[in-house]
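S.K.: This is the structure I have questions about; it appears just below.
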Amino acid sequence: MRKALIPALVFFLCLFLALPALAKKVPTALDLLAMFPVREPPLAADPANDPLIRLVNRWNTLPSSFKPRVYRPGVKIRKNAEADLTLPAAAALEKLFEGAKAQGLTLIAVSGYRSWQSQKYIYARSVERKGEAQASMMSAQAGASEHQLGLAVDLSCASLECELSSAFAKKKEGKWVAAHCAEYGFIIRYKQEWVDVTGYQGEPWHLRYVGPEHALAIAAMDVPLEIYIDYLKVLWQQGLPVPGQ
Ligand SMILES: [Zn+2]
């Protein structure tokens, strides 16, 4: 009796310990296919050619020659900072700031487009200060930053003294951004629970413009851009319809 009890206890203990890990697992593209039933019409073009969802991370880098045409959005920008973005992203950012303003919230843009060269400098400074291992989890090497796309923007607020801080997620401005940015075409690109997929620590201040259609789908699925793109690729390869299009 006792002999049978011990393996059973070990089994349930393992199950109990494994449960939180299972619950936190980021869904795969195939999980998404099962979770979100597809609708007509099918995807019109190969998602690999959609510039709005161009994937940039430590494994998918941009050449130093990639220099988009960028514009200064008409929003509040931190003193001595630049927050230039490509045209659709700049226009969407203005609307996002107006939306926040209508709720009595003032957002501040801290950073937008960054060239390959300036990212190289930032990374070198980060390595100097924190060492290679920590720097690589917190800042991107040259070519590996979405900021080079002109589609990424970092936000803060007055109570954070315009600093980029994980405390932004707890501020009313950060909460509003997280809840509403998809309506304006932005996603929160790095969540702490996605670190294994994105390669970066959570950054509640970093928004990526992907356009409202993709942003609303990504927000509903609550997955990193990497997984969403995989999912679209599966749909495209299989000729399946895409939800919400
Ligand atoms: Zn950023």
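Within each chain, counting starts at residue 1; across the structure tokens, chains are named A, B, ... in the order shown, with ligands numbered 1 upward in that order.
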At a cut-off of 7 Å and counting only C-alpha atoms and all ligand atoms, what residues surround ligand 1? Please answer as JSON, numbers by chain.
M.R.: {"A": [111, 147, 152, 153, 154, 206, 207]}
S.K.: Extract, using only C-alpha atoms, all DNA, RNA and protein residues at most 7 Å from segment 90-104 of chain A, discarding same-chain residues fewer than 6 positions from it, and format them as a list in words.
M.R.: Tyr71, Pro73, Gly74, Val75, Cys181, Tyr184 and Gly185 of chain A
S.K.: Just asking: which residues within segment 2-241 of chain A are helix (DSSP H, G or I) according to DSSP, as a VMD selection string?
M.R.: chain A and resid 2 to 24 29 to 35 47 to 49 51 to 53 87 to 102 116 to 130 132 to 138 146 to 149 158 to 160 166 to 170 172 to 184 192 to 198 212 to 221 225 to 238
S.K.: Just write the chosen residues, C-alpha atoms, as a short mmCIF file (atom, residue, chain, number, x, y, z; two decimals), in the first residue's frame.
M.R.:
data_model
loop_
_atom_site.label_atom_id
_atom_site.label_comp_id
_atom_site.auth_asym_id
_atom_site.auth_seq_id
_atom_site.Cartn_x
_atom_site.Cartn_y
_atom_site.Cartn_z
CA ARG A 2 2.73 2.42 1.06
CA LYS A 3 4.88 1.45 -1.90
CA ALA A 4 2.12 2.45 -4.28
CA LEU A 5 1.44 5.67 -2.41
CA ILE A 6 4.93 7.15 -2.81
CA PRO A 7 5.08 7.06 -6.66
CA ALA A 8 1.55 8.50 -6.72
CA LEU A 9 2.58 11.33 -4.42
CA VAL A 10 5.70 12.00 -6.52
CA PHE A 11 3.54 12.06 -9.65
CA PHE A 12 1.09 14.58 -8.20
CA LEU A 13 3.91 16.69 -6.78
CA CYS A 14 5.55 16.84 -10.23
CA LEU A 15 2.22 17.72 -11.81
CA PHE A 16 1.66 20.45 -9.23
CA LEU A 17 5.13 21.90 -9.86
CA ALA A 18 4.73 21.70 -13.64
CA LEU A 19 1.32 23.38 -13.74
CA PRO A 20 2.47 27.02 -13.45
CA ALA A 21 5.05 26.41 -16.19
CA LEU A 22 2.41 24.86 -18.45
CA ALA A 23 0.00 27.73 -17.81
CA LYS A 24 2.64 30.32 -18.75
CA ALA A 29 1.26 29.27 -34.33
CA LEU A 30 -0.52 25.91 -34.40
CA ASP A 31 -2.11 26.57 -30.99
CA LEU A 32 -3.44 29.83 -32.42
CA LEU A 33 -4.93 28.01 -35.40
CA ALA A 34 -6.85 25.80 -32.99
CA MET A 35 -7.82 28.68 -30.69
CA PRO A 47 2.90 38.05 -44.91
CA ALA A 48 6.68 37.94 -45.44
CA ASN A 49 6.24 40.92 -47.79
CA PRO A 51 6.39 45.93 -44.30
CA LEU A 52 4.19 46.65 -41.26
CA ILE A 53 5.03 43.30 -39.70
CA LEU A 87 4.56 58.56 -41.83
CA PRO A 88 1.80 56.08 -40.87
CA ALA A 89 3.38 55.49 -37.46
CA ALA A 90 3.84 59.23 -36.81
CA ALA A 91 0.20 59.93 -37.73
CA ALA A 92 -0.99 57.05 -35.53
CA LEU A 93 1.13 58.29 -32.63
CA GLU A 94 -0.50 61.72 -32.86
CA LYS A 95 -3.93 60.04 -32.62
CA LEU A 96 -2.77 57.88 -29.69
CA PHE A 97 -1.60 60.97 -27.80
CA GLU A 98 -4.90 62.73 -28.58
CA GLY A 99 -6.80 59.70 -27.30
CA ALA A 100 -4.83 59.78 -24.06
CA LYS A 101 -5.33 63.55 -23.76
CA ALA A 102 -9.10 63.08 -24.04
CA TRP A 116 22.15 51.55 -37.36
CA GLN A 117 25.14 53.67 -36.32
CA SER A 118 23.45 55.21 -33.29
CA GLN A 119 22.25 51.76 -32.17
CA LYS A 120 25.83 50.52 -32.44
CA TYR A 121 26.93 53.36 -30.15
CA ILE A 122 24.11 52.74 -27.65
CA TYR A 123 24.94 49.03 -27.46
CA ALA A 124 28.65 49.70 -26.94
CA ARG A 125 27.82 52.13 -24.10
CA SER A 126 25.49 49.56 -22.54
CA VAL A 127 28.20 46.85 -22.67
CA GLU A 128 30.66 49.26 -21.05
CA ARG A 129 28.28 49.95 -18.18
CA LYS A 130 26.64 46.55 -17.58
CA GLU A 132 27.95 41.89 -22.38
CA ALA A 133 25.52 39.42 -20.77
CA GLN A 134 23.21 42.01 -19.21
CA ALA A 135 23.50 44.47 -22.10
CA SER A 136 22.41 41.82 -24.59
CA MET A 137 19.16 41.23 -22.66
CA MET A 138 18.37 44.94 -22.34
CA GLU A 146 13.03 47.81 -34.27
CA HIS A 147 13.78 51.49 -33.79
CA GLN A 148 15.74 51.32 -37.06
CA LEU A 149 12.45 50.51 -38.84
CA ALA A 158 5.77 63.31 -16.23
CA SER A 159 5.55 61.31 -13.00
CA LEU A 160 8.44 59.14 -14.27
CA SER A 166 9.05 49.24 -16.00
CA ALA A 167 7.01 51.35 -13.52
CA PHE A 168 5.25 52.77 -16.62
CA ALA A 169 3.05 49.62 -16.59
CA LYS A 170 1.66 50.66 -13.20
CA LYS A 172 -2.34 55.41 -15.27
CA GLU A 173 -0.73 56.53 -18.54
CA GLY A 174 0.90 53.11 -19.03
CA LYS A 175 -2.30 51.26 -18.17
CA TRP A 176 -4.25 53.32 -20.68
CA VAL A 177 -1.61 52.74 -23.37
CA ALA A 178 -1.64 48.98 -22.76
CA ALA A 179 -5.43 48.87 -22.95
CA HIS A 180 -5.88 51.12 -26.02
CA CYS A 181 -2.73 51.19 -28.15
CA ALA A 182 -3.98 48.41 -30.47
CA GLU A 183 -6.92 50.62 -31.55
CA TYR A 184 -4.31 53.02 -32.93
CA GLN A 192 8.22 39.71 -19.52
CA GLU A 193 6.44 36.38 -20.10
CA TRP A 194 7.59 36.38 -23.75
CA VAL A 195 11.29 36.77 -23.00
CA ASP A 196 12.18 33.32 -24.41
CA VAL A 197 10.54 34.21 -27.72
CA THR A 198 11.45 37.88 -28.13
CA PRO A 212 -4.73 48.55 -36.47
CA GLU A 213 -5.70 45.28 -38.20
CA HIS A 214 -2.62 43.38 -37.07
CA ALA A 215 -2.49 45.18 -33.72
CA LEU A 216 -6.06 44.26 -32.77
CA ALA A 217 -5.49 40.63 -33.82
CA ILE A 218 -2.21 40.44 -31.88
CA ALA A 219 -3.80 42.03 -28.79
CA ALA A 220 -6.73 39.59 -28.92
CA MET A 221 -4.35 36.64 -29.24
CA LEU A 225 4.92 39.40 -32.92
CA GLU A 226 7.19 36.42 -33.68
CA ILE A 227 4.36 33.94 -33.02
CA TYR A 228 1.77 36.03 -34.87
CA ILE A 229 3.99 36.11 -37.97
CA ASP A 230 4.52 32.33 -37.75
CA TYR A 231 0.77 31.94 -37.54
CA LEU A 232 0.18 34.10 -40.63
CA LYS A 233 2.85 32.13 -42.50
CA VAL A 234 1.06 28.87 -41.71
CA LEU A 235 -2.22 30.35 -42.95
CA TRP A 236 -0.52 31.61 -46.10
CA GLN A 237 1.22 28.29 -46.81
CA GLN A 238 -2.00 26.37 -46.29
#
S.K.: Could you check the closest approach to Gly150 of chain A for each of A:Gln201, A:Asn57, A:Thr28, A:Thr86 and tell me which residue wins, using only C-alpha atoms?
M.R.: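 That would be A:Thr86, the residue with the smallest distance to Gly150 of chain A.
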S.K.: Enumerate as a CSV table (one decimal) with C-alpha atoms, in the first residue's frame all residues of segment 81-156 of chain A assigned to strand (DSSP E) by DSSP on the backbone, naming them with the chain letters and numbers the document uses.
M.R.:
chain,number,residue,atom,x,y,z
A,108,ILE,CA,5.7,61.9,-23.6
A,109,ALA,CA,7.6,60.3,-26.5
A,110,VAL,CA,11.2,59.6,-25.6
A,111,SER,CA,12.7,57.8,-28.6
A,152,ALA,CA,8.9,51.8,-32.8
A,153,VAL,CA,8.5,54.4,-30.1
A,154,ASP,CA,9.3,54.6,-26.4
A,155,LEU,CA,6.9,56.4,-24.1
A,156,SER,CA,7.0,57.9,-20.6
S.K.: Between atom CA of Asp222 of chain A and atom CA of Trp59 of chain A, what is the distance, to one decimal in Å?
M.R.: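 Taking atom CA of Asp222 of chain A as the start and atom CA of Trp59 of chain A as the end point, the length is 21.7 Å.
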S.K.: Between A:Arg189, A:Lys79, A:Arg72, A:Arg208, which one has atoms that come closest to Glu163 of chain A, using only C-alpha atoms?
M.R.: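 Of the candidates, the smallest distance to Glu163 of chain A is held by A:Lys79.
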